[in-house]
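So this block is model27.cif, mmCIF, C-alpha atoms:
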data_final
#
loop_
_atom_site.label_atom_id
_atom_site.label_comp_id
_atom_site.auth_asym_id
_atom_site.auth_seq_id
_atom_site.Cartn_x
_atom_site.Cartn_y
_atom_site.Cartn_z
CA MET A 1 46.83 125.30 181.20
CA THR A 2 47.34 128.96 182.09
CA PHE A 3 47.87 130.93 185.24
CA ASP A 4 46.73 134.55 185.25
CA TYR A 5 47.99 136.72 188.11
CA ARG A 6 46.15 140.04 188.06
CA ASP A 7 48.97 142.13 189.60
CA ASP A 8 51.84 142.04 192.10
CA ARG A 9 49.43 142.38 195.04
CA CYS A 10 47.92 139.03 194.07
CA GLU A 11 44.32 140.18 194.18
CA SER A 12 43.32 137.07 192.27
CA VAL A 13 44.70 134.03 190.50
CA ARG A 14 42.96 132.25 187.65
CA PHE A 15 43.91 128.80 186.45
CA THR A 16 42.53 127.44 183.19
CA ASP A 17 42.96 123.73 182.50
CA VAL A 18 43.26 121.98 179.14
CA ASP A 19 39.46 121.63 178.90
CA GLY A 20 38.82 125.36 179.41
CA ASP A 21 37.52 124.92 182.98
CA GLN A 22 38.71 127.62 185.37
CA LEU A 23 39.63 127.92 189.02
CA HIS A 24 39.48 131.45 190.49
CA LEU A 25 41.28 132.21 193.76
CA GLU A 26 40.59 135.49 195.52
CA PRO A 27 41.06 136.94 199.00
CA ALA A 28 37.94 136.77 201.16
CA VAL A 29 36.69 137.10 204.72
CA ARG A 30 34.63 134.29 206.29
CA HIS A 31 33.18 134.45 209.78
CA GLY A 32 35.31 137.54 210.44
CA LYS A 33 38.57 135.79 209.54
CA PRO A 34 40.86 136.15 206.50
CA ALA A 35 40.25 133.46 203.92
CA ILE A 36 40.57 132.62 200.25
CA SER A 37 37.67 131.96 197.93
CA LEU A 38 38.09 129.14 195.41
CA ARG A 39 35.46 129.33 192.68
CA THR A 40 35.10 127.18 189.60
CA ALA A 41 33.72 128.05 186.19
CA ARG A 42 33.14 125.32 183.64
CA GLY A 43 34.44 125.92 180.15
CA ASP A 44 31.04 125.04 178.69
CA GLY A 45 29.35 127.70 180.86
CA ARG A 46 27.25 125.17 182.79
CA GLY A 47 27.59 126.11 186.44
CA GLY A 48 30.39 125.94 188.97
CA GLY A 49 30.90 126.03 192.69
CA ALA A 50 32.72 127.82 195.49
CA VAL A 51 34.68 126.84 198.59
CA HIS A 52 36.12 129.21 201.17
CA VAL A 53 39.28 128.24 203.06
CA LEU A 54 40.31 130.13 206.18
CA ALA A 55 43.85 131.51 205.95
CA GLU A 56 44.89 129.37 208.92
CA GLU A 57 43.85 126.24 206.99
CA THR A 58 45.65 126.94 203.71
CA GLU A 59 48.90 125.13 204.60
CA GLU A 60 46.93 122.00 205.45
CA LEU A 61 45.07 122.29 202.13
CA VAL A 62 48.34 122.70 200.18
CA THR A 63 49.80 119.68 202.00
CA GLY A 64 46.73 117.67 200.99
CA ILE A 65 47.10 118.76 197.37
CA ARG A 66 50.75 117.66 197.41
CA ARG A 67 49.84 114.26 198.89
CA ILE A 68 47.13 113.68 196.30
CA THR A 69 49.50 114.74 193.52
CA ARG A 70 52.14 112.27 194.71
CA ALA A 71 49.55 109.51 194.95
CA SER A 72 48.34 110.28 191.42
CA VAL A 73 51.88 110.23 190.05
CA ASN A 74 52.68 106.98 191.89
CA GLU A 75 49.50 105.31 190.57
CA ASN A 76 50.23 106.47 187.01
CA PRO A 77 54.05 106.52 186.84
CA HIS A 78 54.28 106.58 183.05
CA THR A 79 51.69 109.26 182.32
CA PHE A 80 54.17 111.38 180.37
CA LEU A 81 57.92 111.77 180.20
CA GLY A 82 58.11 115.35 181.50
CA GLU A 83 56.34 114.72 184.78
CA VAL A 84 57.88 116.02 187.98
CA ARG A 85 58.33 113.53 190.80
CA PHE A 86 59.77 114.26 194.23
CA ALA A 87 61.66 112.38 196.89
CA ARG A 88 60.38 113.20 200.38
CA ARG A 89 62.51 113.60 203.49
CA PHE A 90 61.17 112.38 206.81
CA VAL A 91 62.04 111.85 210.45
CA ALA A 92 60.61 108.82 212.21
CA GLN A 93 60.31 109.47 215.93
CA ARG A 94 60.17 106.57 218.35
CA PRO A 95 59.52 107.06 222.08
CA GLY A 96 62.70 106.63 224.08
CA GLN A 97 64.85 105.87 221.02
CA PRO A 98 66.92 107.92 218.56
CA ASP A 99 65.15 109.27 215.50
CA ILE A 100 65.39 107.61 212.10
CA HIS A 101 66.13 110.07 209.28
CA GLY A 102 65.38 109.04 205.72
CA VAL A 103 64.11 109.68 202.22
CA GLU A 104 61.11 108.13 200.50
CA TYR A 105 61.48 108.01 196.71
CA PRO A 106 58.59 108.34 194.23
CA SER A 107 58.66 104.57 193.76
CA GLY A 108 57.80 104.21 197.45
CA HIS A 109 61.22 102.77 198.33
CA VAL A 110 62.95 104.22 201.38
CA ILE A 111 66.57 104.69 202.43
CA ALA A 112 66.98 105.55 206.09
CA ASP A 113 69.76 106.10 208.58
CA VAL A 114 68.77 103.69 211.34
CA PRO A 115 70.70 104.37 214.59
CA TYR A 116 73.16 101.62 215.54
CA THR A 117 72.57 99.97 212.13
CA GLY A 118 73.40 102.57 209.48
CA LEU A 119 71.85 103.13 206.06
CA THR A 120 69.04 100.68 205.48
CA ALA A 121 66.73 100.19 202.49
CA PHE A 122 63.02 99.49 202.97
CA LEU A 123 60.41 98.62 200.35
CA THR A 124 57.92 101.13 201.81
CA ILE A 125 57.64 103.57 204.71
CA SER A 126 55.10 101.23 206.34
CA VAL A 127 57.91 98.73 207.04
CA ILE A 128 59.41 101.27 209.44
CA THR A 129 56.12 101.96 211.19
CA ASP A 130 55.32 98.23 211.39
CA GLU A 131 58.80 97.25 212.63
CA TYR A 132 59.14 99.98 215.26
CA GLU A 133 56.08 100.24 217.51
CA ASN A 134 54.59 103.72 218.24
CA THR A 135 56.60 105.35 215.44
CA VAL A 136 55.40 108.75 214.25
CA ILE A 137 56.51 109.92 210.79
CA HIS A 138 57.09 113.65 210.25
CA TRP A 139 57.43 114.67 206.58
CA ALA A 140 59.68 117.63 205.74
CA ASP A 141 57.04 119.18 203.47
CA GLU A 142 54.25 119.06 206.07
CA PRO A 143 53.83 121.59 208.87
CA THR A 144 54.12 120.19 212.37
CA ARG A 145 51.55 120.97 214.98
CA SER A 146 53.26 122.32 218.08
CA SER A 147 51.55 122.65 221.43
CA SER A 148 52.62 126.26 222.04
#

Could you show the structure in this file as structure tokens?
Amino acid sequence: MTFDYRDDRCESVRFTDVDGDQLHLEPAVRHGKPAISLRTARGDGRGGGAVHVLAEETEELVTGIRRITRASVNENPHTFLGEVRFARRFVAQRPGQPDIHGVEYPSGHVIADVPYTGLTAFLTISVITDEYENTVIHWADEPTRSSS
């Protein structure tokens, strides 16, 4: 796999995977708004496609890529020894109650600081959402949507 950055202004980025297929990212304008163009080129020269993402949607796209990557790593934990796996910090907010702060590990296990209880281990994050009604989980690596 190779990344090719054309210059410091980042006019384009090209990613070539192990099969020779390429992903080209370039600045664009769609419907009068700044965007990025993601185009593909197959290594065998047989077609490709394009998607345009508005600049305001890129963080959501990156968050989705991270989630899919984590899911892929969790489904195939022994793919190769050098893989990178991340623990994820979160805050669980419950109406009218103190927040629960914790970390979800790549295995899915969770350690959380539960108010009035202390550090508590959970098998999965869903135990927290099932045990505490109306709980909303906010992940540290995901942008929050404020009502400003």

Revision key, fill the gap. Between CA of Ser126 in chain A and CA of Gln93 in chain A lies a distance of 13.7 Å

Check your understanding: Quick one, how far is CA of Ala71 in chain A from CA of Glu57 in chain A?
Key ->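 If I compute the distance from CA of Ala71 in chain A to CA of Glu57 in chain A, I get 21.4 Å.
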
**Study point:** Distance query Thr40 in chain A at most 10 Å, all atoms listed in the file, self and fewer than 3 positions along chain excluded, as number ranges by chain
**Key:** A: 14-16, 21-25, 37, 43, 47-51

Check your understanding: Hey, can you check how far CA of Ser12 in chain A sits from CA of Val62 in chain A?
Key ->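 Going from CA of Ser12 in chain A over to CA of Val62 in chain A, I get 17.2 Å.
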
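Residues matched by the PyMOL selection byres ((chain A and resi 106-108) around 8) in this structure: Arg70, Asn74, Arg85, Phe86, Ala87, Glu104, Tyr105, His109, Val110, Leu123, Thr124 and Ile125 of chain A.
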
Write a file of the selected residues as a PDB file, in the frame of the given file, keeping C-alpha atoms.
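The result, written out as part_9.pdb:
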ATOM      1  CA  ARG A  70      52.140 112.270 194.710  1.00  0.00           C
ATOM      2  CA  ASN A  74      52.680 106.980 191.890  1.00  0.00           C
ATOM      3  CA  ARG A  85      58.330 113.530 190.800  1.00  0.00           C
ATOM      4  CA  PHE A  86      59.770 114.260 194.230  1.00  0.00           C
ATOM      5  CA  ALA A  87      61.660 112.380 196.890  1.00  0.00           C
ATOM      6  CA  GLU A 104      61.110 108.130 200.500  1.00  0.00           C
ATOM      7  CA  TYR A 105      61.480 108.010 196.710  1.00  0.00           C
ATOM      8  CA  HIS A 109      61.220 102.770 198.330  1.00  0.00           C
ATOM      9  CA  VAL A 110      62.950 104.220 201.380  1.00  0.00           C
ATOM     10  CA  LEU A 123      60.410  98.620 200.350  1.00  0.00           C
ATOM     11  CA  THR A 124      57.920 101.130 201.810  1.00  0.00           C
ATOM     12  CA  ILE A 125      57.640 103.570 204.710  1.00  0.00           C
TER      13      ILE A 125
END

Check your understanding: What lies within 10 Å of Ile128 in chain A using only C-alpha atoms, ignoring chain neighbours under 2 positions off, as a list in words?
Key ->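 With the cut-off at 10 Å, the set is Ala92, Ile100, Val110, Ala112, Val114, Phe122, Leu123, Thr124, Ile125, Ser126, Asp130, Glu131, Tyr132, Glu133, Thr135, Val136 and Ile137 of chain A.
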
Practice item. Evaluate the PyMOL selection byres ((chain A and resi 30) around 12) here and jot the selected residues down as a PyMOL selection string. Key: chain A and resi 27-29+31-37+51-56

Exercise for review: Would you mind telling me which residue in A:Val91, A:Leu38, A:Glu26, A:Leu61 lies nearest to Glu11 in chain A when using all atoms listed in the file?
Suggested key: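 Among the listed residues, A:Glu26 lies closest to Glu11 in chain A.
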
Check your understanding: Pick the closest to Ala121 in chain A from A:Ala140, A:Val18, A:Gly102, A:Asn134: which is it, counting only C-alpha atoms?
Key ->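 With only C-alpha atoms as the atom set, the closest residue is A:Gly102.
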
Exercise for review: Please provide the set of residues having any atom within 8 Å of Asp113 in chain A, restricted to all atoms listed in the file, with same-chain residues fewer than 4 positions apart removed, written as a ChimeraX atom specification.
Suggested key: /A:100-102,117-120

Practice item. Go through A:Asp44, A:Arg39, A:His138, A:Val13 one by one, measure the shortest atom-to-atom distance of each to Arg89 in chain A using all atoms listed in the file, and give the residue with the smallest value. Key: A:His138

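Of the residues listed (A:Arg94, A:Arg42, A:Arg66, A:Arg88), A:Arg42 shows the shortest atom-to-atom separation from Asp17 in chain A; distances use all atoms listed in the file.
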